[in-house]
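Student: Following this message is one structure expressed as structure tokens.
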Amino acid sequence: MKNELVLGFIFALLLTGCGNNAVGDPSQMPDIVFMSIVDYTEIMQEGEMQYAITFYDKNGNHYVSDDSYGSYICGLQYEELVGQYAAGELDDKIILHTTCDVNELFENYQKLCEVSRNKEYEILYPEAVPAVESIKIKWYGLYYDKNGELHVLKIHEKQYETDFEANDERANEIYDWYIGTFLK
């Protein structure tokens with residue numbers, strides 16, 4: 001009886017994603033799964049592009065958009081961004097950059113779900129960083145909780161020419177995968 005309970009519990013864990021979403025069901029991923037926001041403010045001259053956003057959708061398409069749209073995309077709240085993308089309202093403001101293997105995307109989404117349950121999760125910031133003007137980049141994963149609410153989890157950050165990693169190796173693996181998709 002005890003073994004049956006343990007097996008039942010393990011099976012239930014395998015079926016849970018970032019909430020009620022089934023781990024084996026890629027269709028339960030948000031329309032935008034991973035994204036990065038780039039802030040060029042410190043290195044650009046006045047009047048030039050200052051922000052860019054890149055993201056992978058649930059189909060493995062990687063899109064890029066920049067500030068040339070009056071910060072429209074870069075200024076959207078996450079829920080608005082996902083909603084407008086899903087509705088096709090951003091099609092004229094984004095450019096397809098590359099694609100990735102959807103199975104790899106989903107594997108990394110599953111890792112994100114696992115990281116989201118880590119109560120001790122955080123990005124590690126050093127006590128001192130170089131005093132240089134630089135591009136600032138933040139990488140995020142998006143997921144739905146059991147109530148269907150969209151959540152965003154920062155998985156990596158870079159500023160002052162310094163990488164800030166997570167205290168959970170799975171988040172660092174997601175970041176490495178994301179960056180590695182551009183090197184293939």
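Each chain in the structure tokens gets a letter, A, B and so on, in the order shown; residues start at 1 in every chain, and ligands are counted from 1 in the order they appear.
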Sorted by chain and rising residue number, list the residues of segment 34-116 of chain A at most 12 Å from segment 120-128 of chain A (counting only C-alpha atoms), each with its closest atom pair and distance in Å to one decimal, as JSON lines.
Tutor:
{"residue": "A:Leu112", "atom": "CA", "partner": "A:Tyr121", "partner_atom": "CA", "distance": 11.4}
{"residue": "A:Glu114", "atom": "CA", "partner": "A:Tyr121", "partner_atom": "CA", "distance": 10.6}
{"residue": "A:Val115", "atom": "CA", "partner": "A:Tyr121", "partner_atom": "CA", "distance": 7.2}
{"residue": "A:Ser116", "atom": "CA", "partner": "A:Tyr121", "partner_atom": "CA", "distance": 7.8}
Student: Can I get the selected residues back with N, CA, C and O atoms, as a PDB file, in the first residue's frame?
Tutor:
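Generated output (selection.pdb):
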ATOM      1  N   LEU A 112      11.902  25.431 -16.324  1.00  0.00           N
ATOM      2  CA  LEU A 112      11.391  26.680 -15.757  1.00  0.00           C
ATOM      3  C   LEU A 112      10.304  26.393 -14.730  1.00  0.00           C
ATOM      4  O   LEU A 112      10.277  27.001 -13.653  1.00  0.00           O
ATOM      5  N   GLU A 114       9.981  23.755 -12.927  1.00  0.00           N
ATOM      6  CA  GLU A 114      10.634  23.221 -11.732  1.00  0.00           C
ATOM      7  C   GLU A 114      11.276  24.350 -10.920  1.00  0.00           C
ATOM      8  O   GLU A 114      11.147  24.398  -9.704  1.00  0.00           O
ATOM      9  N   VAL A 115      11.958  25.257 -11.592  1.00  0.00           N
ATOM     10  CA  VAL A 115      12.611  26.380 -10.910  1.00  0.00           C
ATOM     11  C   VAL A 115      11.566  27.253 -10.225  1.00  0.00           C
ATOM     12  O   VAL A 115      11.790  27.739  -9.116  1.00  0.00           O
ATOM     13  N   SER A 116      10.416  27.428 -10.857  1.00  0.00           N
ATOM     14  CA  SER A 116       9.376  28.292 -10.283  1.00  0.00           C
ATOM     15  C   SER A 116       8.885  27.779  -8.929  1.00  0.00           C
ATOM     16  O   SER A 116       8.349  28.556  -8.133  1.00  0.00           O
TER      17      SER A 116
END
Student: Compile the contact shell of Ile94 of chain A as number ranges by chain: residues with an atom at most 8 Å away, counting only C-alpha atoms, same-chain residues fewer than 6 positions apart removed.
Tutor: A: 63-65
Student: May I have the selected residues written with C-alpha atoms, as a PDB file, in the first residue's frame?
Tutor:
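Produced file again_15.pdb, reproduced below:
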ATOM      1  CA  TYR A  63      11.422  37.377 -32.715  1.00  0.00           C
ATOM      2  CA  VAL A  64      13.177  40.706 -32.278  1.00  0.00           C
ATOM      3  CA  SER A  65      11.749  44.187 -31.886  1.00  0.00           C
TER       4      SER A  65
END
Student: Identify which of the residues A:Tyr78, A:Tyr85, A:Tyr175, A:Phe182 lies closest to Asn108 of chain A, counting only C-alpha atoms when measuring atom-to-atom distances.
Tutor: A:Tyr175
Student: Check segment 106-173 of chain A with DSSP on the backbone and list each residue it calls strand (DSSP E), as a PyMOL selection string.
Tutor: chain A and resi 136-144+150-159+162-164
Student: Ranking A:Asp57, A:Asp163, A:Glu107, A:Asp101 by minimum distance to Ala86 of chain A and counting only C-alpha atoms, which one comes first?
Tutor: A:Asp57
Student: Excluding Ile53 of chain A and its own-chain neighbours fewer than 4 positions away, which residues fall within 8 Å of it when counting only C-alpha atoms? Please give them as a ChimeraX atom specification.
Tutor: /A:35-38,64-66,73-74
Student: Just to confirm, what's the straight-line distance from atom CA of Leu76 of chain A to atom CA of Asp31 of chain A in Å (one decimal)?
Tutor: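 Straight-line distance from atom CA of Leu76 of chain A to atom CA of Asp31 of chain A works out to 15.1 Å.
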Student: Of the residues A:Asn103, A:Leu96, A:Glu79, A:Tyr40, which is the one nearest to Asp25 of chain A, using only C-alpha atoms?
Tutor: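 Result for the nearest residue to Asp25 of chain A: A:Asn103.
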Student: Atom CA of Ala166 of chain A and atom CA of Arg117 of chain A are how many Å apart?
Tutor: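 One can read the atom CA of Ala166 of chain A to atom CA of Arg117 of chain A distance as 14.0 Å.
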Student: Find the residue from A:Asn167, A:Thr162, A:Val132, A:Thr181 that sits nearest to Asn61 of chain A; use only C-alpha atoms when measuring.
Tutor: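 Looking at the shortest contact to Asn61 of chain A, the residue is A:Thr181.
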Student: Return the single residue from A:Gln159, A:Gln50, A:Thr98, A:Gln28 that is closest to Lys138 of chain A, with distances computed using only C-alpha atoms.
Tutor: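 Comparing A:Gln159, A:Gln50, A:Thr98, A:Gln28 against Lys138 of chain A, the winner is A:Gln159.
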Student: List every residue of segment 53-130 of chain A that DSSP, applied to the backbone, labels as alpha helix (DSSP H), and write the result as a list in words.
Tutor: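 Selection result, alpha helix (DSSP H) within segment 53-130 of chain A: Tyr78, Glu79, Glu80, Leu81, Val82, Gly83, Gln84, Tyr85, Ala86, Val102, Asn103, Glu104, Leu105, Phe106, Glu107, Asn108, Tyr109, Gln110, Lys111, Leu112, Cys113, Glu114, Val115 and Ser116 of chain A.
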Student: Can you work out the spacing between atom CA of Gly83 of chain A and atom CA of Ile135 of chain A in Å, to one decimal?
Tutor: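 Atom CA of Ile135 of chain A lies 27.8 Å from atom CA of Gly83 of chain A.
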